[in-house]
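Data first, discussion second: the structure below is written as structure tokens.
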Amino acid sequence: MTARDLDTAHARPEGVPDELVAAVGAFSEMLERIERARGALYEFHQLIGGADAMLDDVVDGLRKTGHDGWAQRIERELMGRNVIPGHWSFQIVEEFDDGYYDVLRALERGVREDTMGGRRHVFEAEMKQRRRTHGEPHHDATPQDT
């Protein structure tokens, strides 16, 4: 692989060993998985909020059909209830973002800055170079080569 096969943003810094590229690549992949989990957490938050809002229609419908007891019980026991002790879903999202997620992002960025000169996806860029068929259409090294 020649230096010009990779753009500067993805080229391995001089002297960086394979094991370090692999470790930093694994840390970045771990972050990507957490990004997906974070998206699922936000989906959970929005689904819970939307479902809770639907209880207004449920309670109204029960009252209109003479089922005041059920309406009152739902209002008292379920509407506005914490999804886990002391937390609505927005509080879970905030605690995740301000705790684990912020620490992870800072550490991943710090490791990348210190070991890869801030470059992202060095491992994947090198894999691309190994797997692509040089000279074939749609196998360009970089967007500038198209």
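We label chains A, B, ... in the order they appear in the structure tokens, count residues from 1 in each chain, and number ligands from 1 in the order shown.
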Sel. of helix (DSSP H, G or I) residues, chain A, as a PyMOL selection string: chain A and resi 3-5+18-64+68-77+89-116+122-131+143-145
Who sits within 7 Å of stretch 75-92 of chain A, only C-alpha atoms, same chain under 2 positions skipped, as a list in words: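 The neighbour list is His45, Asp52, Leu55, Ala71, Gln72, Arg73, Glu94, Glu95 and Phe96 of chain A.
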Gap from atom CA of A:Glu32 to atom CA of A:Arg109 - Å, one decimal: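 It comes out at 12.7 Å.
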Selection near stretch 11-26 of chain A, 12 Å with only C-alpha atoms, sequence-local residues under 2 positions removed, as a ChimeraX atom specification: /A:1-9,28-33,107-129,141-142
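If you look at atom CA of A:Glu35 and atom CA of A:Arg131, they are 26.4 Å away from each other.
Note that the spacing between atom CA of A:Gly66 and atom CA of A:Met54 amounts to 19.0 Å.
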Using only C-alpha atoms: which of A:Thr133, A:Arg105, A:Ala53, A:His139 has the shortest distance to A:Phe27: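 Counting only C-alpha atoms, the residue closest to A:Phe27 is A:Arg105.
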